[in-house]
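The structure appears right after this line, and notes come after that.
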Protein chains: 2
Amino acid sequence: MKLESFFPIWDKIEPEQQEKLRKSAVKQTIKKGSILCDGGKECTGLVLVCDGLLRAYMLSEDGREVTVYRLFNRDICLLCASCVMTNIQFDIIIEAEQDTEAWVIPPWIYKSVQEESLVFSNYMNDLMAMNLSEVMWTVEQVMWKSVDKRLAAFLIEESNVENTLTLKITHEKIANHLGTAREVVTRMLKHFQTEGMVNLRRGEVEIIDLNKLEGLQ
Amino acid sequence: MKLESFFPIWDKIEPEQQEKLRKSAVKQTIKKGSILCDGGKECTGLVLVCDGLLRAYMLSEDGREVTVYRLFNRDICLLCASCVMTNIQFDIIIEAEQDTEAWVIPPWIYKSVQEESLVFSNYMNDLMAMNLSEVMWTVEQVMWKSVDKRLAAFLIEESNVENTLTLKITHEKIANHLGTAREVVTRMLKHFQTEGMVNLRRGEVEIIDLNKLEGLQ
């Protein structure tokens, strides 16, 4: 994917700033499982996902995780450049869920282009609003939706992402996405199995009745 | 409070845009309990809190509430202008917790100044990041903190806001702030009373051991 295609407003960015972005962007390959940024300690920069999958999650003091959102192809990760933002004070960890190819724009370039280009600054505002919207969605899910609905939604999303009905994923991993305990996930998956929606095998969840699962959401 | 004092970058805003903001801003008094914006249906504009207290909360399908954040004096509420933002898709309700005096800038003025002034656009980016940060904080609280800690933190905040140790607030209202059930709040308050931290009376919670309460957080 070309750098330009990440920005619908590319043609309106001033030539000097276009050049800055083009010259500084580096294509990187991020190995599955590696941590891209870790609670503001590092400041990677603006990350543009060409091909792969990233996950933004929060970690509690006792090690529980919850996925805040996932970044798919064509998504831009703002939070890896949180050092640029004056008022950001949370600890978010971004990891690669799949081998991921991405453009990375260094934080100081991101900052200077934002300070120089009105159209770029406005677009970043839109992106930030979208981020806020996604985080709100997570709050709503966590606050109001019961675990069975969230588990069903997660299995369906995962099967779309991986393009298969046979998910190679541990109960532990699912629990980390949903911010709940492994035991809760295991219990609910067994219930789903009894209901004929999934088949469970070691390290695998096979969806056998997608319609029924979708009806749960 | 003067309009200018809400924007640390006021002097850097171009004169034409300064003028637009000055001419369009209207000082409003919002009565305690009234709803300022309701899930994107109305689009009030940018709201600058001069004196008072606003609360942003979400509502579940079955009527439970949770406070996402509160806006104090000198705070700017971006979400009342969510119609301006391209990617905002959540339902947030803003209500006045106290009689509140605020400047209101119409959404179309906010939008046009943002599109014309680089320094204003950058400042709005900072504010949006701060909003995101606060919402994340709420997620963390809701996900990881037990009700006793959140209740203690809320009572302390409330006593600071109202500047008194005798809080006139119902258990229902507290539950709405914390996104939990009234029964849970009542049970926990009774526990706090047994522990000598509060005294309960009809429609009142009196803090009698602030130190102990603070130790709980």
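Identifiers in this document derive from the order of the structure tokens: chains are assigned A, B, ..., residues are numbered from 1 separately in each chain, and ligands are numbered from 1 in order of occurrence.
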Please identify which residues in region 8-153 of chain A DSSP calls helix (DSSP H, G or I) from the backbone, and express them as JSON, numbers by chain. {"A": [10, 11, 12, 15, 16, 17, 18, 19, 20, 21, 22, 23, 24, 79, 80, 81, 82, 83, 84, 107, 108, 109, 110, 111, 112, 113, 114, 115, 116, 118, 119, 120, 121, 122, 123, 124, 125, 126, 127, 128, 129, 130, 131, 132, 133, 134, 135, 136, 137, 138, 139, 140, 141, 142, 143, 144, 147, 148, 149, 150, 151, 152, 153]}
Could you dump the residues just selected with C-alpha atoms as a PDB file, in the first residue's frame?
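out_11.pdb, written as the output of this step:
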```pdb
ATOM      1  CA  TRP A  10      -3.256  13.812   0.553  1.00  0.00           C
ATOM      2  CA  ASP A  11      -3.672  16.063  -2.488  1.00  0.00           C
ATOM      3  CA  LYS A  12      -4.579  18.985  -0.255  1.00  0.00           C
ATOM      4  CA  PRO A  15       3.969  19.941  -1.214  1.00  0.00           C
ATOM      5  CA  GLU A  16       6.614  20.665   1.427  1.00  0.00           C
ATOM      6  CA  GLN A  17       4.744  18.625   4.054  1.00  0.00           C
ATOM      7  CA  GLN A  18       3.982  15.836   1.556  1.00  0.00           C
ATOM      8  CA  GLU A  19       7.710  15.622   0.925  1.00  0.00           C
ATOM      9  CA  LYS A  20       8.488  15.484   4.660  1.00  0.00           C
ATOM     10  CA  LEU A  21       6.080  12.594   5.162  1.00  0.00           C
ATOM     11  CA  ARG A  22       7.330  10.711   2.079  1.00  0.00           C
ATOM     12  CA  LYS A  23      11.010  11.088   2.972  1.00  0.00           C
ATOM     13  CA  SER A  24      10.649  10.081   6.606  1.00  0.00           C
ATOM     14  CA  LEU A  79      -1.506   6.176  20.077  1.00  0.00           C
ATOM     15  CA  CYS A  80       1.959   4.929  19.130  1.00  0.00           C
ATOM     16  CA  ALA A  81       2.757   8.629  18.777  1.00  0.00           C
ATOM     17  CA  SER A  82       1.268   9.604  22.101  1.00  0.00           C
ATOM     18  CA  CYS A  83       4.452  11.436  23.152  1.00  0.00           C
ATOM     19  CA  VAL A  84       3.472  14.058  20.578  1.00  0.00           C
ATOM     20  CA  PRO A 107       6.929  11.293  15.996  1.00  0.00           C
ATOM     21  CA  TRP A 108       8.827  14.558  15.414  1.00  0.00           C
ATOM     22  CA  ILE A 109       7.846  14.535  11.719  1.00  0.00           C
ATOM     23  CA  TYR A 110       4.228  13.838  12.636  1.00  0.00           C
ATOM     24  CA  LYS A 111       4.358  16.704  15.114  1.00  0.00           C
ATOM     25  CA  SER A 112       5.922  19.203  12.738  1.00  0.00           C
ATOM     26  CA  VAL A 113       3.591  18.362   9.827  1.00  0.00           C
ATOM     27  CA  GLN A 114       0.635  18.700  12.163  1.00  0.00           C
ATOM     28  CA  GLU A 115       1.873  22.101  13.283  1.00  0.00           C
ATOM     29  CA  GLU A 116       2.450  23.265   9.721  1.00  0.00           C
ATOM     30  CA  LEU A 118      -4.014  22.825   8.500  1.00  0.00           C
ATOM     31  CA  VAL A 119      -5.557  20.083   6.396  1.00  0.00           C
ATOM     32  CA  PHE A 120      -3.359  17.435   8.063  1.00  0.00           C
ATOM     33  CA  SER A 121      -4.187  18.780  11.523  1.00  0.00           C
ATOM     34  CA  ASN A 122      -7.911  18.642  10.740  1.00  0.00           C
ATOM     35  CA  TYR A 123      -7.605  15.091   9.489  1.00  0.00           C
ATOM     36  CA  MET A 124      -5.793  14.056  12.660  1.00  0.00           C
ATOM     37  CA  ASN A 125      -8.674  15.613  14.592  1.00  0.00           C
ATOM     38  CA  ASP A 126     -11.075  13.338  12.717  1.00  0.00           C
ATOM     39  CA  LEU A 127      -8.926  10.308  13.462  1.00  0.00           C
ATOM     40  CA  MET A 128      -8.718  11.202  17.138  1.00  0.00           C
ATOM     41  CA  ALA A 129     -12.497  11.511  17.265  1.00  0.00           C
ATOM     42  CA  MET A 130     -12.761   8.064  15.707  1.00  0.00           C
ATOM     43  CA  ASN A 131     -10.398   6.672  18.330  1.00  0.00           C
ATOM     44  CA  LEU A 132     -12.483   8.263  21.054  1.00  0.00           C
ATOM     45  CA  SER A 133     -15.579   6.760  19.499  1.00  0.00           C
ATOM     46  CA  GLU A 134     -14.049   3.284  19.484  1.00  0.00           C
ATOM     47  CA  VAL A 135     -12.948   3.540  23.082  1.00  0.00           C
ATOM     48  CA  MET A 136     -16.473   4.640  24.047  1.00  0.00           C
ATOM     49  CA  TRP A 137     -17.812   1.610  22.226  1.00  0.00           C
ATOM     50  CA  THR A 138     -15.549  -0.567  24.344  1.00  0.00           C
ATOM     51  CA  VAL A 139     -16.789   1.136  27.510  1.00  0.00           C
ATOM     52  CA  GLU A 140     -20.367   0.441  26.450  1.00  0.00           C
ATOM     53  CA  GLN A 141     -19.568  -3.187  25.718  1.00  0.00           C
ATOM     54  CA  VAL A 142     -17.769  -3.750  28.982  1.00  0.00           C
ATOM     55  CA  MET A 143     -20.326  -1.884  31.038  1.00  0.00           C
ATOM     56  CA  TRP A 144     -23.558  -3.086  29.576  1.00  0.00           C
ATOM     57  CA  VAL A 147     -20.097 -11.956  28.673  1.00  0.00           C
ATOM     58  CA  ASP A 148     -22.038 -14.332  26.411  1.00  0.00           C
ATOM     59  CA  LYS A 149     -22.830 -11.551  23.938  1.00  0.00           C
ATOM     60  CA  ARG A 150     -19.299 -10.207  23.980  1.00  0.00           C
ATOM     61  CA  LEU A 151     -17.845 -13.703  23.550  1.00  0.00           C
ATOM     62  CA  ALA A 152     -20.155 -14.414  20.610  1.00  0.00           C
ATOM     63  CA  ALA A 153     -19.219 -11.066  19.001  1.00  0.00           C
TER      64      ALA A 153
END
```
Using only C-alpha atoms, determine which residues lie at most 9 Å from Lys31 (chain B), disregarding the query and same-chain residues fewer than 2 positions distant; provide the list as a VMD selection string. chain B and resid 29 33 to 35 96 to 101
May I have the residues within 6 Å of Val66 (chain A) as a PyMOL selection string, using only C-alpha atoms and disregarding those fewer than 6 positions away in the same chain? chain A and resi 57-58+176-179
Using all heavy atoms, can you export the residues from the last selection as an mmCIF file, in the first residue's frame?
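File written: selection11.cif
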```cif
data_model
loop_
_atom_site.group_PDB
_atom_site.id
_atom_site.type_symbol
_atom_site.label_atom_id
_atom_site.label_comp_id
_atom_site.auth_asym_id
_atom_site.auth_seq_id
_atom_site.Cartn_x
_atom_site.Cartn_y
_atom_site.Cartn_z
ATOM 1 N N TYR A 57 -4.278 -2.653 23.840
ATOM 2 C CA TYR A 57 -4.914 -3.144 25.055
ATOM 3 C C TYR A 57 -4.373 -2.458 26.291
ATOM 4 O O TYR A 57 -3.324 -1.833 26.277
ATOM 5 C CB TYR A 57 -4.798 -4.670 25.168
ATOM 6 C CG TYR A 57 -3.404 -5.209 25.383
ATOM 7 C CD1 TYR A 57 -2.931 -5.491 26.671
ATOM 8 C CD2 TYR A 57 -2.566 -5.468 24.307
ATOM 9 C CE1 TYR A 57 -1.657 -6.009 26.868
ATOM 10 C CE2 TYR A 57 -1.301 -5.990 24.497
ATOM 11 C CZ TYR A 57 -0.841 -6.261 25.786
ATOM 12 O OH TYR A 57 0.408 -6.760 25.975
ATOM 13 N N MET A 58 -5.143 -2.574 27.373
ATOM 14 C CA MET A 58 -4.730 -2.038 28.655
ATOM 15 C C MET A 58 -4.442 -3.190 29.603
ATOM 16 O O MET A 58 -5.003 -4.271 29.465
ATOM 17 C CB MET A 58 -5.827 -1.159 29.232
ATOM 18 C CG MET A 58 -6.077 0.061 28.360
ATOM 19 S SD MET A 58 -6.965 1.398 29.197
ATOM 20 C CE MET A 58 -8.339 0.529 29.826
ATOM 21 N N ASN A 176 -8.214 -12.406 27.644
ATOM 22 C CA ASN A 176 -7.456 -11.154 27.565
ATOM 23 C C ASN A 176 -8.126 -10.125 26.662
ATOM 24 O O ASN A 176 -8.048 -8.931 26.920
ATOM 25 C CB ASN A 176 -6.032 -11.418 27.067
ATOM 26 C CG ASN A 176 -5.173 -12.058 28.139
ATOM 27 O OD1 ASN A 176 -5.538 -12.050 29.323
ATOM 28 N ND2 ASN A 176 -4.056 -12.614 27.744
ATOM 29 N N HIS A 177 -8.738 -10.612 25.597
ATOM 30 C CA HIS A 177 -9.467 -9.675 24.734
ATOM 31 C C HIS A 177 -10.656 -9.080 25.465
ATOM 32 O O HIS A 177 -10.944 -7.900 25.368
ATOM 33 C CB HIS A 177 -9.948 -10.367 23.454
ATOM 34 C CG HIS A 177 -8.922 -10.373 22.376
ATOM 35 N ND1 HIS A 177 -8.585 -9.242 21.679
ATOM 36 C CD2 HIS A 177 -8.132 -11.356 21.890
ATOM 37 C CE1 HIS A 177 -7.643 -9.541 20.796
ATOM 38 N NE2 HIS A 177 -7.346 -10.814 20.904
ATOM 39 N N LEU A 178 -11.356 -9.919 26.206
ATOM 40 C CA LEU A 178 -12.617 -9.476 26.797
ATOM 41 C C LEU A 178 -12.436 -8.841 28.174
ATOM 42 O O LEU A 178 -13.381 -8.286 28.729
ATOM 43 C CB LEU A 178 -13.593 -10.653 26.901
ATOM 44 C CG LEU A 178 -13.926 -11.370 25.585
ATOM 45 C CD1 LEU A 178 -14.924 -12.480 25.828
ATOM 46 C CD2 LEU A 178 -14.485 -10.393 24.558
ATOM 47 N N GLY A 179 -11.229 -8.940 28.717
ATOM 48 C CA GLY A 179 -10.999 -8.363 30.046
ATOM 49 C C GLY A 179 -11.689 -9.139 31.142
ATOM 50 O O GLY A 179 -12.134 -8.575 32.139
#
```
In terms of the shortest atom-to-atom distance over only C-alpha atoms, which of A:Ile169, A:Leu59, A:Ile156, A:Leu216 is closest to chain B?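 The closest residue to chain B is A:Leu59.
Across the structure, CA of Val49 (chain B) and CA of Ser159 (chain B) are spaced 19.9 Å apart.
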Interatomic distance between CA of Cys77 (chain A) and CA of Gln28 (chain A)?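 Going from CA of Cys77 (chain A) over to CA of Gln28 (chain A), I get 14.1 Å.
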Which value, in Å to one decimal, gives the distance between CA of Leu165 (chain A) and CA of Val198 (chain A)?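 We find that CA of Leu165 (chain A) and CA of Val198 (chain A) lie 9.5 Å from each other.
Proximity to Gln193 (chain B) at 12 Å, evaluated using only C-alpha atoms and with sequence-adjacent residues fewer than 6 positions away removed, yields Thr186, Arg187, Asn199, Leu200, Arg201, Val205, Glu206, Ile207, Ile208, Asp209, Lys212 and Leu213 of chain B.
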Dump N, CA, C and O atoms for the selected residues as a tab-separated table (two decimals), in the first residue's frame?
```tsv
chain	number	residue	atom	x	y	z
B	186	THR	N	-25.95	0.88	48.28
B	186	THR	CA	-26.52	0.87	49.64
B	186	THR	C	-25.75	-0.10	50.54
B	186	THR	O	-25.38	0.24	51.66
B	187	ARG	N	-25.48	-1.28	50.02
B	187	ARG	CA	-24.76	-2.29	50.80
B	187	ARG	C	-23.37	-1.78	51.18
B	187	ARG	O	-22.94	-1.86	52.32
B	199	ASN	N	-21.66	8.51	58.02
B	199	ASN	CA	-22.94	8.42	58.70
B	199	ASN	C	-24.04	8.52	57.65
B	199	ASN	O	-23.99	9.43	56.82
B	200	LEU	N	-25.02	7.64	57.70
B	200	LEU	CA	-26.08	7.70	56.70
B	200	LEU	C	-27.35	8.27	57.29
B	200	LEU	O	-27.77	7.90	58.38
B	201	ARG	N	-27.94	9.22	56.57
B	201	ARG	CA	-29.28	9.73	56.88
B	201	ARG	C	-30.06	9.78	55.58
B	201	ARG	O	-29.48	9.69	54.50
B	205	VAL	N	-25.24	11.60	52.89
B	205	VAL	CA	-24.09	10.81	53.31
B	205	VAL	C	-23.11	11.77	53.97
B	205	VAL	O	-22.62	12.70	53.33
B	206	GLU	N	-22.85	11.57	55.26
B	206	GLU	CA	-21.89	12.45	55.94
B	206	GLU	C	-20.56	11.72	56.11
B	206	GLU	O	-20.52	10.60	56.66
B	207	ILE	N	-19.51	12.32	55.61
B	207	ILE	CA	-18.18	11.72	55.76
B	207	ILE	C	-17.66	12.06	57.15
B	207	ILE	O	-17.55	13.23	57.51
B	208	ILE	N	-17.36	11.05	57.95
B	208	ILE	CA	-16.86	11.34	59.30
B	208	ILE	C	-15.40	10.93	59.48
B	208	ILE	O	-14.75	11.36	60.42
B	209	ASP	N	-14.88	10.09	58.58
B	209	ASP	CA	-13.45	9.79	58.64
B	209	ASP	C	-12.85	9.83	57.24
B	209	ASP	O	-12.72	8.82	56.55
B	212	LYS	N	-9.58	7.71	56.52
B	212	LYS	CA	-9.79	6.28	56.31
B	212	LYS	C	-10.36	6.03	54.90
B	212	LYS	O	-9.98	5.07	54.24
B	213	LEU	N	-11.25	6.94	54.50
B	213	LEU	CA	-11.85	6.84	53.17
B	213	LEU	C	-10.77	7.00	52.09
B	213	LEU	O	-10.75	6.26	51.10
```
Given only C-alpha atoms as the counted atoms, nearest of A:Glu14, A:Asp75, A:Asp91, A:Asp38 to chain B: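 With only C-alpha atoms as the atom set, the closest residue is A:Asp91.
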Which residue, B:Leu54, B:Ile76, B:Val68, B:Met197, has the smallest gap to chain A when you use only C-alpha atoms?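 Of B:Leu54, B:Ile76, B:Val68, B:Met197, the one nearest chain A is B:Val68, counting only C-alpha atoms.
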As a list in words, please: all residues of region 160-199 of chain A that backbone DSSP puts in strand (DSSP E). Thr166, Leu167, Val198 and Asn199 of chain A
Take the residues from that selection and put them in a file with N, CA and C atoms, as a PDB file, in the first residue's frame.
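Writing the result to part19.pdb gives the following:
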```pdb
ATOM      1  N   THR A 166     -12.489 -22.323  12.053  1.00  0.00           N
ATOM      2  CA  THR A 166     -11.714 -23.045  13.067  1.00  0.00           C
ATOM      3  C   THR A 166     -10.650 -22.110  13.640  1.00  0.00           C
ATOM      4  N   LEU A 167     -10.929 -21.583  14.828  1.00  0.00           N
ATOM      5  CA  LEU A 167     -10.049 -20.578  15.419  1.00  0.00           C
ATOM      6  C   LEU A 167      -8.991 -21.238  16.278  1.00  0.00           C
ATOM      7  N   VAL A 198     -20.494 -24.281  19.048  1.00  0.00           N
ATOM      8  CA  VAL A 198     -19.063 -24.486  18.789  1.00  0.00           C
ATOM      9  C   VAL A 198     -18.654 -25.905  19.170  1.00  0.00           C
ATOM     10  N   ASN A 199     -17.507 -26.306  18.634  1.00  0.00           N
ATOM     11  CA  ASN A 199     -16.839 -27.533  19.055  1.00  0.00           C
ATOM     12  C   ASN A 199     -15.512 -27.142  19.691  1.00  0.00           C
TER      13      ASN A 199
END
```
